[in-house]
Number of protein chains: 2
Amino acid sequence: MLQIVVLGAGAGGGVPQWNCNCRVCAEARKGTGSVAPRTQSSIAVTADGSNWCVFNCSPDIRQQISDNPVLWPNSGAQRHSPIGSVVLTNADVDHIAGLLVLREKQAFDLFATKTVMDVLAENPIFNVLDSEFVKRRPINIGQECHVGNGVVIEPFLVPGKVALFNEARLLAEHDTLHIGDETEDTIGLKISSADGGEALFYIPGCAAMTDGLAERLKGASLVLFDGTVWRDNEMVSHGLGVKTGSRMGHMSMSGNDGSMAAFSSLDVARKVFVHINNSNHILIEGSPEREQANSAGWEIAYDGMEIEL
Amino acid sequence: MLQIVVLGAGAGGGVPQWNCNCRVCAEARKGTGSVAPRTQSSIAVTADGSNWCVFNCSPDIRQQISDNPVLWPNSGAQRHSPIGSVVLTNADVDHIAGLLVLREKQAFDLFATKTVMDVLAENPIFNVLDSEFVKRRPINIGQECHVGNGVVIEPFLVPGKVALFNEARLLAEHDTLHIGDETEDTIGLKISSADGGEALFYIPGCAAMTDGLAERLKGASLVLFDGTVWRDNEMVSHGLGVKTGSRMGHMSMSGNDGSMAAFSSLDVARKVFVHINNSNHILIEGSPEREQANSAGWEIAYDGMEIEL
């Protein structure tokens with residue numbers, strides 16, 4: 001059996017975002033219950049009930065560990081963590097900055113594609129993770145990988161893009177950002193227990209539903225999927241920025257090309273939106289967007305959400 | 001008049017630290033009131049009562065902004081922040097990682113020595129701070145610098161060391177870490193209002209009290225000083241690690257070479273320890289260490305502590 005805890009259900013910036021006064025962020029700050037605050041994108045998974053694998057390591061990981069007693073030191077030793085491994089699905093700041101918090105000579109294994117490992121290597125600040133304690137273990141697309149304590153992953157490519165902070169360099173070198181290409185910059189994961197049982201798919205960033213991805217997800221028991229934006233242009237129409245969802249490498253929930261339409265024929269037993277941006281009104285309890293998603297069989301992740309599989 | 005808010009009174013790792021089960025961290029988690037949780041090292045200062053300068057940007061900055069309403073967006077615009085500038089005193093992870101949270105195309109000025117700016121430049125991840133919005137403004141030792149909204153700083157060298165994540169490289173290049181040297185790696189700041197009035201000294205990291213530093217601080221109205229460790233070898237004796245305080249570039253509070261002894265003849269009106277490590281039993285309410293420091297005229301900073309000057 002797998003146990004899953006959503007550590008952070010928000011996208012980059014979280015809810016509320018430090019500099020944002022949009023309706024969603026303002027409601028979250030007011031604490032009226034209309035919008036639950038959400039930290040940035042991360043989940044934790046255990047197959048043995050006591051040792052955990054963290055998937056994506058958000059800047060909020062310290063707060064997330066504090067908020068989830070299952071992740072507190074519990075061995076009786078002075079220094080300990082039930083977190084045995086960390087797996088990254090891309091090199092976005094909201095997925096890697098938390099690694100800087102997991103210093104302190106605590107042993108764990110770090111898994112990512114070679115492309116994402118190269119991004120870490122290009123940034124000497126990640127040397128705070130002492131290589132004597134933190135082993136960087138590259139993963140290969142399509143190859144099952146045991147990430148510790150009975151948790152198994154199978155990485156696969158999904159349409160995505162390079163991390164924001166490397167965009168300017170990529171543009172200078174190649175004259176295009178290749179948004180939506182399937183490269184090792186962005187992956188999805190099939191996560192299962194070494195003892196067998198049902199698997200979950202974790203795909204917090206995905207620019208489009210390809211035929212191959214649809215085939216892979218068909219009939220799945222559980223999918224945690226990119227819920228960044230409701231409409232492709234909502235950042236622009238809400239006056240929050242100039243970028244569309246697709247420009248950021250995220251397909252929208254609604255619309256003919258959206259994830260809800262794409263999943264409608266995939267017969268997935270349980271569908272949960274994660275990585276939800278503060279611009280997305282699905283975060284407002286009782287909103288039309290929330291009702292429409294719920295009617296289509298989608299759940300909206302929140303911090304501390306527990307799922308058993 | 002200056003208003004100061006301590007955003008985070010802890011050292012790197014904070015209290016509790018993610019992987020630490022020492023007495024201080026365990027008490028902080030229990031929530032008994034014996035140890036107040038503390039986020040990582042940062043203060044905010046305003047001279048005009050509404051626009052703030054943040055000194056050191058800890059990994060906990062998102063939580064710190066959430067916890068301090070004076071730092072919430074308040075202009076009526078969709079995107080806004082009362083934070084107009086950030087000043088760094090060194091390039092330690094606990095002082096720079098929060099910059100990765102302050103993305104989102106929000107304008108502010110970033111001040112640091114050229115040495116610290118070089119560390120940021122060596123790490124492309126900091127390119128998430130779009131240079132169109134975030135201006136990097138090198139500061140010069142001994143030169144007054146207006147950091148915005150009526151706040152003025154005067155940077156000076158203090159004994160310190162290079163950031164942890166660059167230690168291995170420095171060792172490989174120079175065969176020594178030069179711990180305790182006075183270089184642009186670690187500075188202290190005299191902070192004042194452009195309108196005059198009393199100044200404060202902010203020195204969250206300091207390896208030793210030099211004659212020059214003692215002369216500078218003599219008779220000061222307010223000093224916020226490095227309170228990392230009580231005893232030089234407490235990390236070792238508490239079984240938490242192998243490093244001494246001096247190895248980490250921090251003088252201890254107690255002892256003949258400690259900060260309490262060094263300040264005893266300096267006639268400083270108000271003395272506050274900041275950057276306090278979880279190994280330091282001064283964090284325990286009513287502890288002998290706390291009583292001894294209080295008797296020597298020291299206050300122990302806590303998150304949300306407000307000071308007017």
# chains A, B, ... in the order shown; residues from 1 in each chain; ligands from 1
>>> residues_around(residues="Ala220 in chain A", least_positions_apart="2", cutoff="10 Å", atoms="only C-alpha atoms", output="PyMOL selection string")
chain A and resi 198-201+216-218+222-223+266-271
>>> interface_residues(of="chain B", to="chain A", cutoff="6 Å", atoms="only C-alpha atoms", output="list in words")
Asn19, Cys20, Asn21, Cys22, Pro73, Gln78, Arg79, His80, Ser81, Asn123, Ile125, Asn127, Val128 and Phe165 of chain B
>>> residues_around(residues="Ala207 in chain B", least_positions_apart="4", cutoff="9 Å", atoms="only C-alpha atoms", output="PDB file with C-alpha atoms, in the first residue's frame")
ATOM      1  CA  VAL B 158      33.956  41.989  10.339  1.00  0.00           C
ATOM      2  CA  PRO B 159      35.913  38.768  10.899  1.00  0.00           C
ATOM      3  CA  GLY B 160      34.073  36.020   9.040  1.00  0.00           C
ATOM      4  CA  LYS B 161      34.417  33.431   6.348  1.00  0.00           C
ATOM      5  CA  ILE B 179      38.332  31.862   8.830  1.00  0.00           C
ATOM      6  CA  GLY B 180      38.265  35.062  10.854  1.00  0.00           C
ATOM      7  CA  ASP B 181      39.809  37.194   8.115  1.00  0.00           C
ATOM      8  CA  ASP B 226      25.670  37.232  16.292  1.00  0.00           C
ATOM      9  CA  GLY B 245      31.346  27.923  16.511  1.00  0.00           C
ATOM     10  CA  SER B 246      34.655  29.450  15.486  1.00  0.00           C
ATOM     11  CA  ARG B 247      34.954  26.925  12.636  1.00  0.00           C
ATOM     12  CA  MET B 248      31.585  28.237  11.427  1.00  0.00           C
ATOM     13  CA  GLY B 249      32.798  31.845  11.703  1.00  0.00           C
ATOM     14  CA  HIS B 250      30.863  32.719  14.854  1.00  0.00           C
ATOM     15  CA  MET B 251      32.206  33.856  18.239  1.00  0.00           C
ATOM     16  CA  SER B 252      30.424  32.361  21.232  1.00  0.00           C
TER      17      SER B 252
END
>>> residues_around(residues="range 32-34 of chain A", least_positions_apart="4", cutoff="8 Å", atoms="only C-alpha atoms", output="list in words")
Glu27, Ala28, Ile284 and Glu285 of chain A
>>> select_by_dssp(residues="range 136-291 of chain A", states="alpha helix (DSSP H)", output="VMD selection string")
chain A and resid 167 to 174 211 to 217 234 to 237 259 to 263 288 to 291
>>> closest_residue(among="A:Ala112, A:Ile187, A:Ala47, A:Leu99", to="Val152 in chain A", atoms="only C-alpha atoms")
A:Ala47
>>> closest_residue(among="A:Thr176, A:Ser254, A:Asn68, A:Ser193", to="Trp298 in chain A", atoms="only C-alpha atoms")
A:Ser254
>>> atom_distance(atom1="CA of Pro204 in chain A", atom2="CA of Ser58 in chain B")
26.1 Å
>>> select_by_dssp(residues="range 36-273 of chain B", states="strand (DSSP E or B)", output="ChimeraX atom specification")
/B:38,40,42-46,52-55,79,83-87,108-113,134-139,145-148,151-160,181-193,200-203,222-226,229,252,270-273
>>> atom_distance(atom1="CA of Gly219 in chain A", atom2="CA of Gly197 in chain A")
14.3 Å
>>> residues_around(residues="Asn90 in chain B", least_positions_apart="3", cutoff="7 Å", atoms="only C-alpha atoms", output="list in words")
His95, Val116, Asp185, Thr186 and Ile187 of chain B
>>> residues_around(residues="range 194-196 of chain B", least_positions_apart="3", cutoff="8 Å", atoms="only C-alpha atoms", output="PyMOL selection string")
chain B and resi 146+150-152
